$ cat input38.cif   # mmCIF, C-alpha atoms
data_model
loop_
_atom_site.label_atom_id
_atom_site.label_comp_id
_atom_site.auth_asym_id
_atom_site.auth_seq_id
_atom_site.Cartn_x
_atom_site.Cartn_y
_atom_site.Cartn_z
CA TRP A 1 -42.51 54.46 -2.80
CA ASP A 2 -44.79 52.35 -5.00
CA ASP A 3 -41.74 50.69 -6.55
CA ILE A 4 -40.39 49.87 -3.11
CA CYS A 5 -43.74 48.42 -2.03
CA ARG A 6 -43.78 46.14 -5.09
CA MET A 7 -40.23 44.97 -4.52
CA GLU A 8 -39.99 41.25 -3.83
CA ILE A 9 -37.54 39.96 -1.26
CA PRO A 10 -36.60 36.34 -0.52
CA VAL A 11 -38.01 35.07 2.79
CA PRO A 12 -38.50 31.57 4.21
CA ASP A 13 -41.98 30.11 4.06
CA ILE A 14 -44.27 30.91 6.98
CA ASP A 15 -43.69 27.62 8.82
CA GLU A 16 -39.94 28.13 8.66
CA GLN A 17 -40.37 31.73 9.85
CA ARG A 18 -42.34 30.51 12.87
CA LYS A 19 -39.60 27.98 13.73
CA ILE A 20 -36.93 30.67 13.50
CA VAL A 21 -38.95 33.10 15.63
CA GLU A 22 -39.56 30.43 18.28
CA ALA A 23 -35.85 29.56 18.32
CA TYR A 24 -35.05 33.27 18.67
CA LYS A 25 -37.42 33.59 21.62
CA SER A 26 -35.87 30.53 23.28
CA VAL A 27 -32.42 32.07 22.96
CA GLU A 28 -33.67 35.36 24.42
CA ARG A 29 -35.23 33.54 27.37
CA ARG A 30 -31.96 31.71 28.00
CA ILE A 31 -30.01 34.97 27.88
CA GLU A 32 -32.41 36.61 30.32
CA LEU A 33 -32.18 33.60 32.65
CA LYS A 34 -28.37 33.72 32.63
CA ARG A 35 -28.42 37.46 33.36
CA LYS A 36 -30.73 36.94 36.33
CA ILE A 37 -28.50 34.15 37.63
CA ASN A 38 -25.49 36.46 37.37
CA ASP A 39 -27.34 39.24 39.17
CA ASN A 40 -28.10 36.82 42.00
CA LEU A 41 -24.53 35.52 42.09
CA GLU A 42 -23.13 39.05 42.27
CA ALA A 43 -25.63 40.02 44.98
CA HIS A 44 -24.66 36.93 47.00
CA ALA A 45 -20.96 37.68 46.56
CA ASN A 46 -21.51 41.28 47.60
CA ALA A 47 -23.33 40.14 50.76
CA ILE A 48 -20.36 37.93 51.65
CA PHE A 49 -18.02 40.86 51.02
CA GLU A 50 -20.02 43.29 53.16
CA GLN A 51 -20.28 40.82 56.02
CA SER A 52 -16.54 40.15 55.92
CA ILE A 53 -15.47 43.79 56.07
CA TYR A 54 -18.22 45.03 58.40
CA GLU A 55 -15.87 45.22 61.37
CA SER A 56 -12.67 45.92 59.42
CA LYS A 57 -10.99 48.96 60.93
CA ASP A 58 -7.66 48.70 59.14
CA LEU A 59 -7.34 51.00 56.11
CA LYS A 60 -4.87 50.25 53.33
CA PRO A 61 -4.12 52.16 50.11
CA ILE A 62 -5.00 50.49 46.82
CA TYR A 63 -1.37 50.39 45.66
CA LEU A 64 -0.56 47.86 48.40
CA PHE A 65 -2.79 45.33 46.66
CA GLY A 66 -0.85 45.33 43.40
CA GLN A 67 0.61 47.37 40.57
CA VAL A 68 -1.52 50.22 39.24
CA ILE A 69 -1.26 50.71 35.46
CA THR A 70 -2.81 53.63 33.58
CA GLY A 71 -3.65 52.68 30.02
CA LYS A 72 -2.50 54.37 26.83
CA THR A 73 -3.72 54.60 23.23
CA PRO A 74 -1.21 53.65 20.53
CA SER A 75 -0.93 56.19 17.73
CA THR A 76 -3.93 56.00 15.44
CA LEU A 77 -1.68 57.31 12.69
CA VAL A 78 -0.10 53.87 12.48
CA PRO A 79 -2.75 51.50 11.04
CA GLU A 80 -0.51 48.50 11.74
CA TYR A 81 -1.01 49.04 15.47
CA TYR A 82 -4.63 47.92 15.24
CA GLY A 83 -5.92 44.47 14.40
CA LYS A 84 -7.54 41.46 16.07
CA ASP A 85 -4.93 40.18 18.53
CA ILE A 86 -5.16 41.98 21.89
CA PRO A 87 -8.41 43.37 23.38
CA PHE A 88 -8.15 47.15 23.76
CA ILE A 89 -10.66 48.10 26.44
CA LYS A 90 -12.39 51.47 26.61
CA THR A 91 -14.94 52.65 29.17
CA PRO A 92 -18.04 51.80 27.03
CA ASP A 93 -16.90 48.17 27.04
CA MET A 94 -17.22 48.13 30.84
CA HIS A 95 -20.81 49.31 31.18
CA GLY A 96 -22.90 47.02 33.36
CA ASN A 97 -20.43 44.13 33.22
CA VAL A 98 -18.64 42.30 36.03
CA TYR A 99 -16.19 41.03 33.41
CA VAL A 100 -15.34 42.56 30.05
CA THR A 101 -15.70 39.62 27.65
CA THR A 102 -16.14 41.59 24.42
CA CYS A 103 -14.86 44.93 23.18
CA GLU A 104 -15.12 46.96 20.00
CA CYS A 105 -11.41 47.60 19.45
CA PHE A 106 -8.38 45.31 19.25
CA LEU A 107 -4.67 45.95 18.89
CA SER A 108 -2.31 44.03 16.68
CA LYS A 109 0.62 42.32 18.36
CA ILE A 110 2.85 45.05 16.94
CA GLY A 111 0.62 47.75 18.44
CA ALA A 112 0.50 46.09 21.84
CA GLU A 113 4.25 45.51 21.87
CA SER A 114 4.81 49.20 21.10
CA GLN A 115 3.66 49.80 24.70
CA SER A 116 4.48 46.47 26.28
CA ASN A 117 4.42 47.96 29.78
CA LYS A 118 0.64 48.46 29.39
CA TYR A 119 -0.28 44.78 29.28
CA ILE A 120 -2.65 43.68 32.05
CA PRO A 121 -3.43 40.02 32.82
CA LYS A 122 -6.75 38.23 33.19
CA ASN A 123 -8.60 39.19 36.38
CA SER A 124 -7.13 42.68 36.50
CA VAL A 125 -9.39 45.24 38.16
CA ILE A 126 -10.09 48.09 35.74
CA VAL A 127 -11.57 51.40 36.88
CA ALA A 128 -12.79 54.25 34.71
CA CYS A 129 -11.12 57.42 35.99
CA ILE A 130 -12.21 60.14 33.56
CA GLY A 131 -15.59 61.56 32.61
CA ALA A 132 -19.17 60.76 33.51
CA ASN A 133 -18.43 57.08 34.14
CA ALA A 134 -15.52 57.68 36.52
CA GLY A 135 -15.55 55.09 39.29
CA GLU A 136 -17.11 52.35 37.18
CA VAL A 137 -15.32 49.05 37.73
CA ALA A 138 -14.98 45.69 35.97
CA LEU A 139 -12.57 42.77 35.65
CA THR A 140 -10.69 41.58 32.57
CA SER A 141 -11.45 38.13 31.19
CA SER A 142 -8.15 37.83 29.30
CA VAL A 143 -4.82 39.54 28.74
CA ALA A 144 -5.62 43.04 27.49
CA GLN A 145 -4.64 46.69 27.31
CA THR A 146 -6.75 49.78 28.04
CA ASN A 147 -6.88 53.38 26.97
CA GLN A 148 -5.75 56.29 29.14
CA GLN A 149 -9.17 56.73 30.74
CA ILE A 150 -8.75 53.54 32.74
CA ASN A 151 -6.56 52.59 35.70
CA ALA A 152 -5.93 48.89 36.19
CA VAL A 153 -4.80 47.03 39.30
CA THR A 154 -3.05 43.69 38.87
CA SER A 155 -3.67 41.93 42.16
CA LYS A 156 -4.16 38.56 43.83
CA TYR A 157 -7.34 40.01 45.34
CA PRO A 158 -9.38 41.09 42.29
CA CYS A 159 -12.79 40.12 43.66
CA PHE A 160 -12.19 41.95 46.94
CA LEU A 161 -10.98 45.05 45.06
CA TYR A 162 -13.94 44.90 42.67
CA PHE A 163 -16.42 45.25 45.51
CA SER A 164 -14.21 47.69 47.43
CA VAL A 165 -14.16 50.08 44.47
CA LYS A 166 -17.91 49.67 43.93
CA ALA A 167 -18.50 50.48 47.60
CA HIS A 168 -16.46 53.69 47.30
CA THR A 169 -17.49 54.95 43.87
CA SER A 170 -18.81 58.25 45.22
CA GLU A 171 -15.67 58.91 47.25
CA LEU A 172 -13.41 58.07 44.30
CA ARG A 173 -15.39 60.38 42.03
CA ALA A 174 -15.01 63.14 44.60
CA LEU A 175 -11.23 62.80 44.27
CA GLY A 176 -11.53 63.76 40.62
CA GLU A 177 -13.83 66.74 41.09
CA GLY A 178 -12.21 70.15 40.92
CA SER A 179 -11.93 73.17 38.70
CA SER A 180 -12.07 71.03 35.57
CA THR A 181 -15.43 70.52 33.88
CA MET A 182 -14.69 66.78 33.67
CA ILE A 183 -14.06 64.38 36.54
CA ASN A 184 -10.48 63.15 36.40
CA ILE A 185 -9.19 60.76 39.07
CA ASN A 186 -5.43 60.88 38.61
CA LYS A 187 -3.28 57.81 39.19
CA SER A 188 -1.72 59.11 42.41
CA SER A 189 -5.08 59.88 44.02
CA PHE A 190 -6.46 56.53 42.93
CA GLU A 191 -3.63 54.32 44.12
CA ASN A 192 -3.36 56.15 47.45
CA TYR A 193 -7.07 55.86 48.21
CA GLN A 194 -7.52 53.79 51.37
CA ILE A 195 -10.06 51.00 51.71
CA PRO A 196 -11.18 48.94 54.75
CA THR A 197 -9.23 45.68 54.73
CA PRO A 198 -9.52 42.47 56.77
CA ARG A 199 -6.44 40.79 58.18
CA ILE A 200 -4.48 38.85 55.54
CA PRO A 201 -5.67 35.36 56.61
CA ASP A 202 -9.28 36.56 56.53
CA LEU A 203 -8.68 38.39 53.25
CA ASP A 204 -7.34 35.21 51.64
CA LYS A 205 -10.40 33.27 52.79
CA LEU A 206 -12.71 36.01 51.52
CA GLU A 207 -11.04 36.09 48.10
CA ASN A 208 -11.30 32.32 47.78
CA ARG A 209 -15.03 32.40 48.55
CA LEU A 210 -15.67 35.25 46.16
CA SER A 211 -13.60 33.76 43.35
CA VAL A 212 -15.84 30.66 43.22
CA LEU A 213 -18.86 32.86 42.51
CA PHE A 214 -16.96 35.06 40.08
CA THR A 215 -15.88 32.00 38.09
CA LEU A 216 -19.56 31.07 37.68
CA ILE A 217 -20.39 34.63 36.61
CA LEU A 218 -17.67 34.57 33.95
CA SER A 219 -18.84 31.19 32.65
CA ASN A 220 -22.37 32.56 32.29
CA LEU A 221 -21.09 35.64 30.50
CA TYR A 222 -19.28 33.46 27.97
CA GLU A 223 -22.50 31.56 27.36
CA ILE A 224 -24.42 34.83 26.95
CA ASP A 225 -21.89 35.93 24.31
CA GLN A 226 -22.40 32.65 22.42
CA LEU A 227 -26.16 32.95 22.67
CA ASP A 228 -26.03 36.52 21.43
CA GLY A 229 -24.09 35.33 18.38
CA LEU A 230 -26.74 32.67 17.76
CA ARG A 231 -29.47 35.29 18.11
CA ARG A 232 -27.85 37.44 15.42
CA LEU A 233 -27.51 34.38 13.17
CA LEU A 234 -31.22 33.60 13.52
CA ILE A 235 -32.08 37.14 12.43
CA THR A 236 -30.08 36.69 9.21
CA GLN A 237 -32.04 33.50 8.48
CA LEU A 238 -35.25 35.51 8.43
CA ARG A 239 -33.74 37.70 5.74
CA CYS A 240 -32.45 34.96 3.45
#

$ encode --input "input38.cif" --output "structure tokens"
Amino acid sequence: WDDICRMEIPVPDIDEQRKIVEAYKSVERRIELKRKINDNLEAHANAIFEQSIYESKDLKPIYLFGQVITGKTPSTLVPEYYGKDIPFIKTPDMHGNVYVTTCECFLSKIGAESQSNKYIPKNSVIVACIGANAGEVALTSSVAQTNQQINAVTSKYPCFLYFSVKAHTSELRALGEGSSTMININKSSFENYQIPTPRIPDLDKLENRLSVLFTLILSNLYEIDQLDGLRRLLITQLRC
């Protein structure tokens, strides 16, 4: 312990440290501001959604809004299937996000092409269907694939479906409850679940209004990602 205490490490002088710390705090404040803005944007969008469907009596199954795709994991025994080309989304990547803009795992082009029918485009609605987080929902920010714990809906109404799923999380989770110890919402139950739906002209208008707000949310999330990278860089400067 005494040897460790006497160990000298390179650090910037105190004035430089103060500048770095102040820059770090500024970045953190900006990140927090952007998160609050996004919270307000989502709340505003949700209010528009709730007002628009308040008197909607027509129920339509989810599959009518687009193709439902259950993800799949390429064989982990083939290292060439994994790389840095295609985002491979898992449920932890979804937590607390309107859009998934970063994920821990990527597939190579070879790996993604080995299951080419599992591609999902930008603005797909992804829903966790297995485990404690079943019913959690997010949107994709780019072309991606997911693992088998996620159902995706490729639709022209992603914003409407995002809020519809959020509004029915408890009911969707109930579909997956049974004799198993783990909630498992199967594809058939998910795609046949019926949600209140406005008439098509009204639905188109609603989606257009929501998409404006969602575009702002995504832009803020991209900035948060950049700021987070800058924050990590500032930390390394304190250790140089």

$ resolve_selection --input "input38.cif" --expression "the PyMOL selection byres ((chain A and resi 73) around 8)" --output "count of residues only"
8

$ closest_residue --input "input38.cif" --among "A:Thr154, A:Gln17, A:Asn97, A:Gln149" --to "Ser124 (chain A)" --atoms "only C-alpha atoms"
A:Thr154

$ residues_around --input "input38.cif" --residues "Phe160 (chain A)" --least-positions-apart "2" --cutoff "8 Å" --atoms "all atoms listed in the file" --output "VMD selection string"
chain A and resid 49 157 to 158 162 to 164 206 to 207 210

$ residues_around --input "input38.cif" --residues "Ala47 (chain A)" --least-positions-apart "3" --cutoff "12 Å" --atoms "only C-alpha atoms" --output "PDB file with C-alpha atoms, keeping the file's coordinate frame"
ATOM      1  CA  ASN A  40     -28.100  36.820  42.000  1.00  0.00           C
ATOM      2  CA  LEU A  41     -24.530  35.520  42.090  1.00  0.00           C
ATOM      3  CA  GLU A  42     -23.130  39.050  42.270  1.00  0.00           C
ATOM      4  CA  ALA A  43     -25.630  40.020  44.980  1.00  0.00           C
ATOM      5  CA  HIS A  44     -24.660  36.930  47.000  1.00  0.00           C
ATOM      6  CA  GLU A  50     -20.020  43.290  53.160  1.00  0.00           C
ATOM      7  CA  GLN A  51     -20.280  40.820  56.020  1.00  0.00           C
ATOM      8  CA  SER A  52     -16.540  40.150  55.920  1.00  0.00           C
ATOM      9  CA  ILE A  53     -15.470  43.790  56.070  1.00  0.00           C
ATOM     10  CA  TYR A  54     -18.220  45.030  58.400  1.00  0.00           C
ATOM     11  CA  PHE A 160     -12.190  41.950  46.940  1.00  0.00           C
ATOM     12  CA  PHE A 163     -16.420  45.250  45.510  1.00  0.00           C
ATOM     13  CA  ALA A 167     -18.500  50.480  47.600  1.00  0.00           C
ATOM     14  CA  LEU A 206     -12.710  36.010  51.520  1.00  0.00           C
ATOM     15  CA  ARG A 209     -15.030  32.400  48.550  1.00  0.00           C
ATOM     16  CA  LEU A 210     -15.670  35.250  46.160  1.00  0.00           C
ATOM     17  CA  LEU A 213     -18.860  32.860  42.510  1.00  0.00           C
TER      18      LEU A 213
END

$ resolve_selection --input "input38.cif" --expression "the PyMOL selection byres ((chain A and resi 141) around 9)" --output "list of chain:residue names"
A:Tyr99, A:Val100, A:Thr101, A:Thr102, A:Pro121, A:Lys122, A:Asn123, A:Ser124, A:Leu139, A:Thr140, A:Ser142, A:Val143, A:Ala144, A:Leu218

$ closest_residue --input "input38.cif" --among "A:Glu113, A:Asp93, A:Glu80, A:Asp39" --to "Ala138 (chain A)" --atoms "only C-alpha atoms"
A:Asp93

$ residues_around --input "input38.cif" --residues "Lys166 (chain A)" --least-positions-apart "4" --cutoff "10 Å" --atoms "all atoms listed in the file" --output "list in words"
Asn46, Val127, Gly135, Glu136, Val137, Ala138, Leu161, Tyr162, Ser170 and Leu172 of chain A

$ residues_near_point --input "input38.cif" --point "(-35.5, 27.5, 16.1)" --cutoff "12 Å" --atoms "only C-alpha atoms" --output "list of chain:residue names"
A:Asp15, A:Glu16, A:Gln17, A:Arg18, A:Lys19, A:Ile20, A:Val21, A:Glu22, A:Ala23, A:Tyr24, A:Lys25, A:Ser26, A:Val27, A:Glu28, A:Leu230, A:Arg231, A:Leu233, A:Leu234, A:Ile235, A:Gln237, A:Leu238

$ write_last_selection --input "input38.cif" --atoms "C-alpha atoms" --output "mmCIF file, in the coordinates of the input"
data_model
loop_
_atom_site.group_PDB
_atom_site.id
_atom_site.type_symbol
_atom_site.label_atom_id
_atom_site.label_comp_id
_atom_site.auth_asym_id
_atom_site.auth_seq_id
_atom_site.Cartn_x
_atom_site.Cartn_y
_atom_site.Cartn_z
ATOM 1 C CA ASP A 15 -43.690 27.620 8.820
ATOM 2 C CA GLU A 16 -39.940 28.130 8.660
ATOM 3 C CA GLN A 17 -40.370 31.730 9.850
ATOM 4 C CA ARG A 18 -42.340 30.510 12.870
ATOM 5 C CA LYS A 19 -39.600 27.980 13.730
ATOM 6 C CA ILE A 20 -36.930 30.670 13.500
ATOM 7 C CA VAL A 21 -38.950 33.100 15.630
ATOM 8 C CA GLU A 22 -39.560 30.430 18.280
ATOM 9 C CA ALA A 23 -35.850 29.560 18.320
ATOM 10 C CA TYR A 24 -35.050 33.270 18.670
ATOM 11 C CA LYS A 25 -37.420 33.590 21.620
ATOM 12 C CA SER A 26 -35.870 30.530 23.280
ATOM 13 C CA VAL A 27 -32.420 32.070 22.960
ATOM 14 C CA GLU A 28 -33.670 35.360 24.420
ATOM 15 C CA LEU A 230 -26.740 32.670 17.760
ATOM 16 C CA ARG A 231 -29.470 35.290 18.110
ATOM 17 C CA LEU A 233 -27.510 34.380 13.170
ATOM 18 C CA LEU A 234 -31.220 33.600 13.520
ATOM 19 C CA ILE A 235 -32.080 37.140 12.430
ATOM 20 C CA GLN A 237 -32.040 33.500 8.480
ATOM 21 C CA LEU A 238 -35.250 35.510 8.430
#

$ resolve_selection --input "input38.cif" --expression "the PyMOL selection byres ((chain A and resi 151) around 6)" --output "number ranges by chain"
A: 69-70, 126-127, 150, 152

$ residues_near_point --input "input38.cif" --point "(-9.8, 61.7, 44.1)" --cutoff "7 Å" --atoms "only C-alpha atoms" --output "list in words"
Leu172, Arg173, Ala174, Leu175, Gly176, Ile185, Ser189 and Phe190 of chain A

$ atom_distance --input "input38.cif" --atom1 "CA of Val98 (chain A)" --atom2 "CA of Lys118 (chain A)"
21.3 Å

$ closest_residue --input "input38.cif" --among "A:Arg29, A:Leu59, A:Ile120, A:Met182" --to "Ser155 (chain A)" --atoms "all atoms listed in the file"
A:Ile120

$ residues_around --input "input38.cif" --residues "Arg199 (chain A)" --least-positions-apart "5" --cutoff "9 Å" --atoms "all atoms listed in the file" --output "short mmCIF file (atom, residue, chain, number, x, y, z; two decimals) with C-alpha atoms, keeping the file's coordinate frame"
data_model
loop_
_atom_site.label_atom_id
_atom_site.label_comp_id
_atom_site.auth_asym_id
_atom_site.auth_seq_id
_atom_site.Cartn_x
_atom_site.Cartn_y
_atom_site.Cartn_z
CA SER A 56 -12.67 45.92 59.42
CA ASP A 58 -7.66 48.70 59.14
CA ASP A 204 -7.34 35.21 51.64
#

$ atom_distance --input "input38.cif" --atom1 "CA of Gly131 (chain A)" --atom2 "CA of Ile183 (chain A)"
5.1 Å

$ closest_residue --input "input38.cif" --among "A:Val125, A:Leu77, A:Leu227, A:Ile86" --to "Ala112 (chain A)" --atoms "all atoms listed in the file"
A:Ile86

$ atom_distance --input "input38.cif" --atom1 "CA of Glu191 (chain A)" --atom2 "CA of Cys159 (chain A)"
16.9 Å

$ closest_residue --input "input38.cif" --among "A:Ser116, A:Thr91, A:Ser108, A:Gln145" --to "Cys129 (chain A)" --atoms "all atoms listed in the file"
A:Thr91
